[in-house]
>>> print(open('protein-v7.pdb').read())   # PDB, C-alpha atoms, pLDDT in the B column
ATOM      1  CA  MET A  20     -27.445 -18.386  20.601  1.00 84.00           C
ATOM      2  CA  GLN A  21     -24.144 -19.251  18.900  1.00 87.00           C
ATOM      3  CA  ASP A  22     -24.510 -16.214  16.579  1.00 90.00           C
ATOM      4  CA  ARG A  23     -24.843 -13.915  19.585  1.00 92.00           C
ATOM      5  CA  LEU A  24     -21.735 -15.423  21.156  1.00 93.00           C
ATOM      6  CA  GLU A  25     -19.794 -14.990  17.895  1.00 93.00           C
ATOM      7  CA  ASN A  26     -20.849 -11.318  17.753  1.00 91.00           C
ATOM      8  CA  PHE A  27     -19.693 -10.800  21.321  1.00 91.00           C
ATOM      9  CA  LYS A  28     -16.368 -12.528  20.553  1.00 91.00           C
ATOM     10  CA  ARG A  29     -15.838  -9.978  17.757  1.00 91.00           C
ATOM     11  CA  THR A  30     -16.520  -7.149  20.206  1.00 90.00           C
ATOM     12  CA  VAL A  31     -14.072  -8.554  22.746  1.00 91.00           C
ATOM     13  CA  ARG A  32     -11.356  -9.058  20.097  1.00 90.00           C
ATOM     14  CA  ALA A  33     -11.897  -5.502  18.815  1.00 90.00           C
ATOM     15  CA  ASN A  34     -11.513  -4.154  22.348  1.00 92.00           C
ATOM     16  CA  ARG A  35      -7.727  -3.774  22.470  1.00 93.00           C
ATOM     17  CA  SER A  36      -5.542  -1.315  24.369  1.00 94.00           C
ATOM     18  CA  TYR A  37      -5.321   1.528  21.870  1.00 96.00           C
ATOM     19  CA  ARG A  38      -2.695   4.163  22.581  1.00 96.00           C
ATOM     20  CA  ARG A  39      -2.888   6.375  19.488  1.00 96.00           C
ATOM     21  CA  PHE A  40      -6.032   8.194  18.423  1.00 98.00           C
ATOM     22  CA  PHE A  41      -7.455  10.716  15.981  1.00 98.00           C
ATOM     23  CA  GLU A  42      -7.271  13.485  18.557  1.00 97.00           C
ATOM     24  CA  ASP A  43      -9.466  15.843  16.537  1.00 97.00           C
ATOM     25  CA  VAL A  44     -12.385  13.368  16.683  1.00 98.00           C
ATOM     26  CA  ARG A  45     -13.990  14.513  19.920  1.00 97.00           C
ATOM     27  CA  VAL A  46     -15.908  12.263  22.309  1.00 98.00           C
ATOM     28  CA  SER A  47     -19.029  14.032  23.515  1.00 96.00           C
ATOM     29  CA  ASP A  48     -20.115  14.294  27.132  1.00 95.00           C
ATOM     30  CA  GLU A  49     -23.303  12.496  26.062  1.00 97.00           C
ATOM     31  CA  THR A  50     -21.240   9.528  24.837  1.00 98.00           C
ATOM     32  CA  LEU A  51     -19.212   9.484  28.061  1.00 98.00           C
ATOM     33  CA  THR A  52     -22.442   9.523  30.073  1.00 97.00           C
ATOM     34  CA  ASP A  53     -23.861   6.678  27.951  1.00 97.00           C
ATOM     35  CA  LEU A  54     -20.731   4.615  28.654  1.00 98.00           C
ATOM     36  CA  LEU A  55     -21.094   5.312  32.370  1.00 97.00           C
ATOM     37  CA  GLU A  56     -24.704   4.178  32.226  1.00 96.00           C
ATOM     38  CA  LEU A  57     -23.393   0.800  31.024  1.00 94.00           C
ATOM     39  CA  ALA A  58     -20.873   0.689  33.860  1.00 93.00           C
ATOM     40  CA  ARG A  59     -23.330   1.831  36.529  1.00 94.00           C
ATOM     41  CA  THR A  60     -25.130  -1.506  36.609  1.00 94.00           C
ATOM     42  CA  THR A  61     -22.052  -3.769  36.715  1.00 93.00           C
ATOM     43  CA  ALA A  62     -21.258  -6.072  39.610  1.00 91.00           C
ATOM     44  CA  SER A  63     -19.849  -4.463  42.738  1.00 91.00           C
ATOM     45  CA  GLY A  64     -18.281  -6.194  45.744  1.00 90.00           C
ATOM     46  CA  GLN A  65     -20.997  -6.355  48.437  1.00 90.00           C
ATOM     47  CA  ASN A  66     -22.839  -3.911  46.145  1.00 90.00           C
ATOM     48  CA  ASN A  67     -20.896  -1.081  47.816  1.00 90.00           C
ATOM     49  CA  GLN A  68     -20.661   0.967  44.599  1.00 93.00           C
ATOM     50  CA  VAL A  69     -17.804   3.138  45.890  1.00 94.00           C
ATOM     51  CA  THR A  70     -16.394   4.146  42.510  1.00 96.00           C
ATOM     52  CA  ARG A  71     -17.112   7.633  41.167  1.00 96.00           C
ATOM     53  CA  PHE A  72     -16.131   9.172  37.848  1.00 97.00           C
ATOM     54  CA  ALA A  73     -14.418  12.350  36.706  1.00 98.00           C
ATOM     55  CA  LEU A  74     -15.144  13.045  33.048  1.00 98.00           C
ATOM     56  CA  VAL A  75     -12.584  14.973  31.014  1.00 98.00           C
ATOM     57  CA  SER A  76     -13.331  15.925  27.416  1.00 97.00           C
ATOM     58  CA  GLU A  77     -12.377  19.581  26.965  1.00 97.00           C
ATOM     59  CA  PRO A  78      -9.129  19.807  24.919  1.00 97.00           C
ATOM     60  CA  ASP A  79      -7.252  21.927  27.492  1.00 97.00           C
ATOM     61  CA  ARG A  80      -8.181  19.641  30.369  1.00 97.00           C
ATOM     62  CA  CYS A  81      -7.275  16.595  28.264  1.00 98.00           C
ATOM     63  CA  GLN A  82      -3.801  18.061  27.701  1.00 97.00           C
ATOM     64  CA  ASP A  83      -3.384  18.744  31.422  1.00 97.00           C
ATOM     65  CA  LEU A  84      -4.346  15.170  32.291  1.00 98.00           C
ATOM     66  CA  PHE A  85      -2.219  13.647  29.520  1.00 97.00           C
ATOM     67  CA  LYS A  86       0.945  14.995  31.172  1.00 96.00           C
ATOM     68  CA  LEU A  87       0.181  12.944  34.296  1.00 97.00           C
ATOM     69  CA  LEU A  88      -0.009   9.546  32.576  1.00 97.00           C
ATOM     70  CA  ARG A  89       2.650   7.009  31.640  1.00 95.00           C
ATOM     71  CA  TRP A  90       2.148   4.946  28.522  1.00 93.00           C
ATOM     72  CA  ALA A  91       3.112   1.423  27.369  1.00 86.00           C
ATOM     73  CA  GLY A  92       5.800   0.307  29.791  1.00 84.00           C
ATOM     74  CA  ALA A  93       6.977  -2.461  27.444  1.00 85.00           C
ATOM     75  CA  LEU A  94       7.767   0.062  24.690  1.00 86.00           C
ATOM     76  CA  LYS A  95      10.920   1.463  26.275  1.00 85.00           C
ATOM     77  CA  ASP A  96      11.688   3.954  23.485  1.00 85.00           C
ATOM     78  CA  TRP A  97       8.177   5.453  23.332  1.00 88.00           C
ATOM     79  CA  ASP A  98       6.945   8.244  25.622  1.00 87.00           C
ATOM     80  CA  GLY A  99       3.319   8.029  24.567  1.00 91.00           C
ATOM     81  CA  PRO A 100       1.214   9.401  21.760  1.00 96.00           C
ATOM     82  CA  GLU A 101       2.359  12.556  20.010  1.00 95.00           C
ATOM     83  CA  ALA A 102       0.249  15.681  19.632  1.00 96.00           C
ATOM     84  CA  GLY A 103      -2.565  14.879  17.214  1.00 97.00           C
ATOM     85  CA  GLU A 104      -2.621  11.229  18.364  1.00 97.00           C
ATOM     86  CA  ARG A 105      -3.632  11.740  21.979  1.00 98.00           C
ATOM     87  CA  PRO A 106      -6.955  10.710  23.544  1.00 98.00           C
ATOM     88  CA  SER A 107      -9.855  13.101  23.110  1.00 98.00           C
ATOM     89  CA  ALA A 108     -11.496  12.113  26.408  1.00 98.00           C
ATOM     90  CA  TYR A 109     -10.816  10.423  29.721  1.00 98.00           C
ATOM     91  CA  ILE A 110     -12.812   8.800  32.464  1.00 98.00           C
ATOM     92  CA  VAL A 111     -11.017   8.830  35.817  1.00 98.00           C
ATOM     93  CA  LEU A 112     -12.215   6.181  38.270  1.00 97.00           C
ATOM     94  CA  VAL A 113     -11.954   7.434  41.855  1.00 97.00           C
ATOM     95  CA  SER A 114     -12.841   6.052  45.267  1.00 94.00           C
ATOM     96  CA  PRO A 115     -11.833   6.727  48.870  1.00 93.00           C
ATOM     97  CA  LYS A 116      -8.097   6.362  49.375  1.00 88.00           C
ATOM     98  CA  LYS A 117      -8.268   3.455  51.816  1.00 86.00           C
ATOM     99  CA  VAL A 118     -10.869   1.458  49.890  1.00 87.00           C
ATOM    100  CA  ASN A 119      -9.622  -1.413  47.758  1.00 84.00           C
ATOM    101  CA  ALA A 120     -12.100  -1.657  44.895  1.00 84.00           C
ATOM    102  CA  ALA A 121      -9.761  -3.184  42.300  1.00 87.00           C
ATOM    103  CA  TRP A 122     -12.256  -5.823  41.166  1.00 91.00           C
ATOM    104  CA  ASP A 123     -15.007  -3.264  40.752  1.00 93.00           C
ATOM    105  CA  GLU A 124     -12.676  -0.942  38.840  1.00 94.00           C
ATOM    106  CA  GLY A 125     -11.610  -3.713  36.478  1.00 95.00           C
ATOM    107  CA  ILE A 126     -15.195  -4.739  35.762  1.00 96.00           C
ATOM    108  CA  ILE A 127     -16.242  -1.108  35.278  1.00 97.00           C
ATOM    109  CA  ALA A 128     -13.305  -0.281  32.999  1.00 97.00           C
ATOM    110  CA  GLN A 129     -13.793  -3.383  30.852  1.00 97.00           C
ATOM    111  CA  THR A 130     -17.501  -2.647  30.502  1.00 97.00           C
ATOM    112  CA  ILE A 131     -16.789   0.951  29.445  1.00 98.00           C
ATOM    113  CA  LEU A 132     -14.205  -0.192  26.902  1.00 98.00           C
ATOM    114  CA  LEU A 133     -16.484  -2.886  25.474  1.00 97.00           C
ATOM    115  CA  GLY A 134     -19.202  -0.260  25.058  1.00 97.00           C
ATOM    116  CA  ALA A 135     -16.711   2.107  23.425  1.00 97.00           C
ATOM    117  CA  SER A 136     -15.662  -0.636  21.026  1.00 96.00           C
ATOM    118  CA  GLU A 137     -19.289  -1.194  20.007  1.00 94.00           C
ATOM    119  CA  ILE A 138     -19.582   2.438  18.855  1.00 96.00           C
ATOM    120  CA  GLY A 139     -16.266   2.623  17.013  1.00 95.00           C
ATOM    121  CA  LEU A 140     -14.187   4.101  19.810  1.00 97.00           C
ATOM    122  CA  GLY A 141     -11.247   2.575  21.599  1.00 97.00           C
ATOM    123  CA  GLY A 142      -9.287   3.156  24.721  1.00 97.00           C
ATOM    124  CA  CYS A 143      -6.688   2.108  27.187  1.00 97.00           C
ATOM    125  CA  MET A 144      -6.726   1.492  30.948  1.00 97.00           C
ATOM    126  CA  LEU A 145      -3.906   3.376  32.626  1.00 97.00           C
ATOM    127  CA  GLY A 146      -2.797   2.571  36.153  1.00 96.00           C
ATOM    128  CA  SER A 147       0.648   4.171  35.968  1.00 96.00           C
ATOM    129  CA  ILE A 148      -0.519   7.676  36.792  1.00 97.00           C
ATOM    130  CA  ASP A 149       0.473  10.622  38.999  1.00 97.00           C
ATOM    131  CA  ARG A 150      -2.436  10.310  41.420  1.00 97.00           C
ATOM    132  CA  LEU A 151      -1.707  13.319  43.607  1.00 97.00           C
ATOM    133  CA  GLU A 152      -1.260  15.651  40.632  1.00 98.00           C
ATOM    134  CA  ILE A 153      -4.473  14.301  39.100  1.00 98.00           C
ATOM    135  CA  CYS A 154      -6.233  15.270  42.340  1.00 98.00           C
ATOM    136  CA  ASN A 155      -4.748  18.764  42.095  1.00 97.00           C
ATOM    137  CA  THR A 156      -5.532  19.139  38.380  1.00 97.00           C
ATOM    138  CA  LEU A 157      -9.128  17.904  38.633  1.00 97.00           C
ATOM    139  CA  LYS A 158      -9.748  19.470  42.058  1.00 97.00           C
ATOM    140  CA  LEU A 159     -10.470  16.120  43.708  1.00 97.00           C
ATOM    141  CA  ASP A 160     -10.374  15.505  47.454  1.00 95.00           C
ATOM    142  CA  PRO A 161      -7.510  12.997  47.838  1.00 94.00           C
ATOM    143  CA  GLU A 162      -9.141  11.294  50.825  1.00 90.00           C
ATOM    144  CA  THR A 163     -12.503  10.595  49.231  1.00 93.00           C
ATOM    145  CA  GLN A 164     -11.736  10.867  45.485  1.00 96.00           C
ATOM    146  CA  TRP A 165      -8.384   9.120  45.037  1.00 96.00           C
ATOM    147  CA  PRO A 166      -7.682   8.301  41.348  1.00 97.00           C
ATOM    148  CA  LYS A 167      -7.417   4.537  40.953  1.00 96.00           C
ATOM    149  CA  LEU A 168      -7.516   4.154  37.168  1.00 97.00           C
ATOM    150  CA  VAL A 169      -7.722   6.363  34.097  1.00 98.00           C
ATOM    151  CA  ILE A 170      -9.469   5.258  30.923  1.00 98.00           C
ATOM    152  CA  ALA A 171      -8.200   7.076  27.831  1.00 98.00           C
ATOM    153  CA  LEU A 172     -10.753   7.199  25.007  1.00 98.00           C
ATOM    154  CA  GLY A 173     -10.905   8.240  21.387  1.00 98.00           C
ATOM    155  CA  LYS A 174     -11.185   7.126  17.791  1.00 98.00           C
ATOM    156  CA  PRO A 175      -8.346   4.585  17.334  1.00 97.00           C
ATOM    157  CA  LYS A 176      -5.591   5.565  14.920  1.00 96.00           C
ATOM    158  CA  GLU A 177      -3.621   2.352  15.144  1.00 95.00           C
ATOM    159  CA  GLU A 178      -4.037  -1.267  14.220  1.00 94.00           C
ATOM    160  CA  VAL A 179      -3.750  -3.760  17.063  1.00 94.00           C
ATOM    161  CA  VAL A 180      -3.508  -7.464  16.278  1.00 94.00           C
ATOM    162  CA  ILE A 181      -3.610 -10.505  18.523  1.00 95.00           C
ATOM    163  CA  GLU A 182      -0.971 -13.189  18.044  1.00 95.00           C
ATOM    164  CA  ASP A 183      -1.556 -16.692  19.378  1.00 96.00           C
ATOM    165  CA  VAL A 184       1.471 -17.942  21.313  1.00 97.00           C
ATOM    166  CA  ARG A 185       2.301 -20.875  23.560  1.00 97.00           C
ATOM    167  CA  GLN A 186       2.634 -20.263  27.296  1.00 95.00           C
ATOM    168  CA  ASP A 187       6.442 -20.538  27.168  1.00 95.00           C
ATOM    169  CA  GLN A 188       6.826 -17.878  24.480  1.00 96.00           C
ATOM    170  CA  ASN A 189       7.495 -14.149  24.897  1.00 95.00           C
ATOM    171  CA  LEU A 190       4.360 -12.272  26.031  1.00 95.00           C
ATOM    172  CA  LYS A 191       5.632  -8.685  25.603  1.00 93.00           C
ATOM    173  CA  TYR A 192       3.625  -6.566  23.212  1.00 93.00           C
ATOM    174  CA  TYR A 193       5.540  -4.707  20.506  1.00 92.00           C
ATOM    175  CA  ARG A 194       5.228  -2.577  17.389  1.00 92.00           C
ATOM    176  CA  ASP A 195       6.548  -3.657  14.021  1.00 93.00           C
ATOM    177  CA  GLU A 196       8.204  -1.454  11.386  1.00 93.00           C
ATOM    178  CA  LYS A 197       4.746  -0.377  10.103  1.00 94.00           C
ATOM    179  CA  GLN A 198       3.733   0.623  13.667  1.00 91.00           C
ATOM    180  CA  VAL A 199       1.203  -2.213  13.915  1.00 93.00           C
ATOM    181  CA  HIS A 200       0.809  -3.071  17.602  1.00 93.00           C
ATOM    182  CA  HIS A 201       1.136  -6.832  18.268  1.00 94.00           C
ATOM    183  CA  VAL A 202      -0.282  -8.401  21.430  1.00 95.00           C
ATOM    184  CA  PRO A 203       0.702 -12.023  22.163  1.00 96.00           C
ATOM    185  CA  LYS A 204      -2.062 -14.046  23.832  1.00 96.00           C
ATOM    186  CA  ILE A 205      -1.592 -17.576  25.164  1.00 97.00           C
ATOM    187  CA  VAL A 206      -3.606 -20.187  23.232  1.00 97.00           C
ATOM    188  CA  LEU A 207      -6.637 -21.592  25.019  1.00 96.00           C
ATOM    189  CA  GLU A 208      -5.304 -25.138  25.348  1.00 96.00           C
ATOM    190  CA  ASP A 209      -2.362 -23.851  27.432  1.00 96.00           C
ATOM    191  CA  LEU A 210      -4.677 -21.979  29.819  1.00 96.00           C
ATOM    192  CA  ILE A 211      -6.966 -24.841  30.779  1.00 97.00           C
ATOM    193  CA  ILE A 212      -5.911 -27.007  33.721  1.00 96.00           C
ATOM    194  CA  ARG A 213      -7.100 -30.548  33.179  1.00 90.00           C
TER     195      ARG A 213
END
>>> encode(input="protein-v7.pdb", output="structure tokens")
Amino acid sequence: MQDRLENFKRTVRANRSYRRFFEDVRVSDETLTDLLELARTTASGQNNQVTRFALVSEPDRCQDLFKLLRWAGALKDWDGPEAGERPSAYIVLVSPKKVNAAWDEGIIAQTILLGASEIGLGGCMLGSIDRLEICNTLKLDPETQWPKLVIALGKPKEEVVIEDVRQDQNLKYYRDEKQVHHVPKIVLEDLIIR
């Protein structure tokens, strides 16, 4: 049992927020569908299952969607991945405008990203998005198919490392001079209330 837990820990640690990709390595519709099959059976508040998915993998549509996303708010001098480093696929999580399904969306997105990590892909959850323009671009009905979250996917082109820090230290992620992305995470002993 401990071996299985150690394997899962490796998967979780490998599942970082990747923001630069090998754009020419395409993600197939079959792979996107397989990832959704994982997500389909996740927990859902009152089992309402209100979230639906718009899949985007064609290069032109990926470029259209890319323009409607904002990347890495803590990296003030970075506007997002350059051409050649952009995601090669997206999954847009949508639900009716007035439905709050944030827990479901988080569980679904994490499950998709864990599955992606298992097959050598990576991704990033994006909530800073132009929702109305996404509706227009993807021809979604804004009342019943309101974009809540976008998952960018692709073959990661960057190294992301976790740094253990104490709870009173700086938690902002950053890139070093070699463009390695550092993500501070509070050590376990500071998270447990005794």
>>> residues_around(input="protein-v7.pdb", residues="Ile127 in chain A", least_positions_apart="3", cutoff="10 Å", atoms="all atoms listed in the file", output="PyMOL selection string")
chain A and resi 54-55+57-63+70+112+121-124+130-133
>>> residues_around(input="protein-v7.pdb", residues="Ile110 in chain A", least_positions_apart="3", cutoff="7 Å", atoms="only C-alpha atoms", output="compact mmCIF listing (two decimals) with C-alpha atoms, in the frame of the given file")
# COMPACT_ATOMS: atom_id res chain seq x y z
CA PHE A 72 -16.13 9.17 37.85
CA ALA A 73 -14.42 12.35 36.71
CA LEU A 74 -15.14 13.04 33.05
CA VAL A 75 -12.58 14.97 31.01
CA VAL A 169 -7.72 6.36 34.10
CA ILE A 170 -9.47 5.26 30.92
CA ALA A 171 -8.20 7.08 27.83
>>> resolve_selection(input="protein-v7.pdb", expression="the PyMOL selection byres ((chain A and resi 189) around 12)", output="list in words")
Ala93, Glu182, Asp183, Val184, Arg185, Gln186, Asp187, Gln188, Leu190, Lys191, Tyr192, Tyr193, His201, Val202, Pro203, Lys204 and Ile205 of chain A
>>> atom_distance(input="protein-v7.pdb", atom1="CA of Glu196 in chain A", atom2="CA of Arg35 in chain A")
19.5 Å
>>> atom_distance(input="protein-v7.pdb", atom1="CA of Ala108 in chain A", atom2="CA of Glu25 in chain A")
29.6 Å
>>> atom_distance(input="protein-v7.pdb", atom1="CA of Lys174 in chain A", atom2="CA of Lys197 in chain A")
19.2 Å
>>> residues_around(input="protein-v7.pdb", residues="Pro100 in chain A", least_positions_apart="2", cutoff="12 Å", atoms="all atoms listed in the file", output="PyMOL selection string")
chain A and resi 37-42+82+85-86+88-91+94+96-98+102-107+171+175-177
>>> build_atoms(input="protein-v7.pdb", residues="range 133-153 of chain A", atoms="N, CA and C atoms", output="PDB file, in the coordinates of the input")
ATOM      1  N   LEU A 133     -15.671  -2.076  26.391  1.00 97.00           N
ATOM      2  CA  LEU A 133     -16.484  -2.886  25.474  1.00 97.00           C
ATOM      3  C   LEU A 133     -17.569  -2.028  24.825  1.00 97.00           C
ATOM      4  N   GLY A 134     -18.200  -1.172  25.615  1.00 97.00           N
ATOM      5  CA  GLY A 134     -19.202  -0.260  25.058  1.00 97.00           C
ATOM      6  C   GLY A 134     -18.586   0.689  24.040  1.00 97.00           C
ATOM      7  N   ALA A 135     -17.402   1.213  24.355  1.00 97.00           N
ATOM      8  CA  ALA A 135     -16.711   2.107  23.425  1.00 97.00           C
ATOM      9  C   ALA A 135     -16.414   1.390  22.112  1.00 97.00           C
ATOM     10  N   SER A 136     -15.972   0.150  22.213  1.00 96.00           N
ATOM     11  CA  SER A 136     -15.662  -0.636  21.026  1.00 96.00           C
ATOM     12  C   SER A 136     -16.892  -0.814  20.136  1.00 96.00           C
ATOM     13  N   GLU A 137     -18.038  -1.005  20.757  1.00 94.00           N
ATOM     14  CA  GLU A 137     -19.289  -1.194  20.007  1.00 94.00           C
ATOM     15  C   GLU A 137     -19.668   0.031  19.177  1.00 94.00           C
ATOM     16  N   ILE A 138     -19.212   1.224  19.591  1.00 96.00           N
ATOM     17  CA  ILE A 138     -19.582   2.438  18.855  1.00 96.00           C
ATOM     18  C   ILE A 138     -18.405   3.027  18.080  1.00 96.00           C
ATOM     19  N   GLY A 139     -17.384   2.193  17.852  1.00 95.00           N
ATOM     20  CA  GLY A 139     -16.266   2.623  17.013  1.00 95.00           C
ATOM     21  C   GLY A 139     -15.181   3.414  17.725  1.00 95.00           C
ATOM     22  N   LEU A 140     -15.243   3.449  19.036  1.00 97.00           N
ATOM     23  CA  LEU A 140     -14.187   4.101  19.810  1.00 97.00           C
ATOM     24  C   LEU A 140     -13.258   3.032  20.375  1.00 97.00           C
ATOM     25  N   GLY A 141     -12.175   3.483  20.954  1.00 97.00           N
ATOM     26  CA  GLY A 141     -11.247   2.575  21.599  1.00 97.00           C
ATOM     27  C   GLY A 141     -10.644   3.274  22.792  1.00 97.00           C
ATOM     28  N   GLY A 142      -9.885   2.535  23.553  1.00 97.00           N
ATOM     29  CA  GLY A 142      -9.287   3.156  24.721  1.00 97.00           C
ATOM     30  C   GLY A 142      -8.213   2.307  25.336  1.00 97.00           C
ATOM     31  N   CYS A 143      -7.763   2.774  26.473  1.00 97.00           N
ATOM     32  CA  CYS A 143      -6.688   2.108  27.187  1.00 97.00           C
ATOM     33  C   CYS A 143      -6.864   2.381  28.679  1.00 97.00           C
ATOM     34  N   MET A 144      -6.727   1.329  29.493  1.00 97.00           N
ATOM     35  CA  MET A 144      -6.726   1.492  30.948  1.00 97.00           C
ATOM     36  C   MET A 144      -5.313   1.875  31.374  1.00 97.00           C
ATOM     37  N   LEU A 145      -5.215   2.927  32.156  1.00 97.00           N
ATOM     38  CA  LEU A 145      -3.906   3.376  32.626  1.00 97.00           C
ATOM     39  C   LEU A 145      -3.881   3.387  34.146  1.00 97.00           C
ATOM     40  N   GLY A 146      -2.963   2.609  34.709  1.00 96.00           N
ATOM     41  CA  GLY A 146      -2.797   2.571  36.153  1.00 96.00           C
ATOM     42  C   GLY A 146      -1.505   3.221  36.600  1.00 96.00           C
ATOM     43  N   SER A 147      -0.610   3.492  35.650  1.00 96.00           N
ATOM     44  CA  SER A 147       0.648   4.171  35.968  1.00 96.00           C
ATOM     45  C   SER A 147       0.413   5.668  35.778  1.00 96.00           C
ATOM     46  N   ILE A 148      -0.044   6.291  36.859  1.00 97.00           N
ATOM     47  CA  ILE A 148      -0.519   7.676  36.792  1.00 97.00           C
ATOM     48  C   ILE A 148      -0.008   8.449  38.005  1.00 97.00           C
ATOM     49  N   ASP A 149       0.069   9.756  37.882  1.00 97.00           N
ATOM     50  CA  ASP A 149       0.473  10.622  38.999  1.00 97.00           C
ATOM     51  C   ASP A 149      -0.795  11.004  39.767  1.00 97.00           C
ATOM     52  N   ARG A 150      -1.154  10.180  40.727  1.00 97.00           N
ATOM     53  CA  ARG A 150      -2.436  10.310  41.420  1.00 97.00           C
ATOM     54  C   ARG A 150      -2.597  11.643  42.147  1.00 97.00           C
ATOM     55  N   LEU A 151      -1.579  12.076  42.852  1.00 97.00           N
ATOM     56  CA  LEU A 151      -1.707  13.319  43.607  1.00 97.00           C
ATOM     57  C   LEU A 151      -1.877  14.510  42.666  1.00 97.00           C
ATOM     58  N   GLU A 152      -1.117  14.546  41.591  1.00 98.00           N
ATOM     59  CA  GLU A 152      -1.260  15.651  40.632  1.00 98.00           C
ATOM     60  C   GLU A 152      -2.598  15.609  39.908  1.00 98.00           C
ATOM     61  N   ILE A 153      -3.132  14.399  39.687  1.00 98.00           N
ATOM     62  CA  ILE A 153      -4.473  14.301  39.100  1.00 98.00           C
ATOM     63  C   ILE A 153      -5.485  14.920  40.057  1.00 98.00           C
TER      64      ILE A 153
END
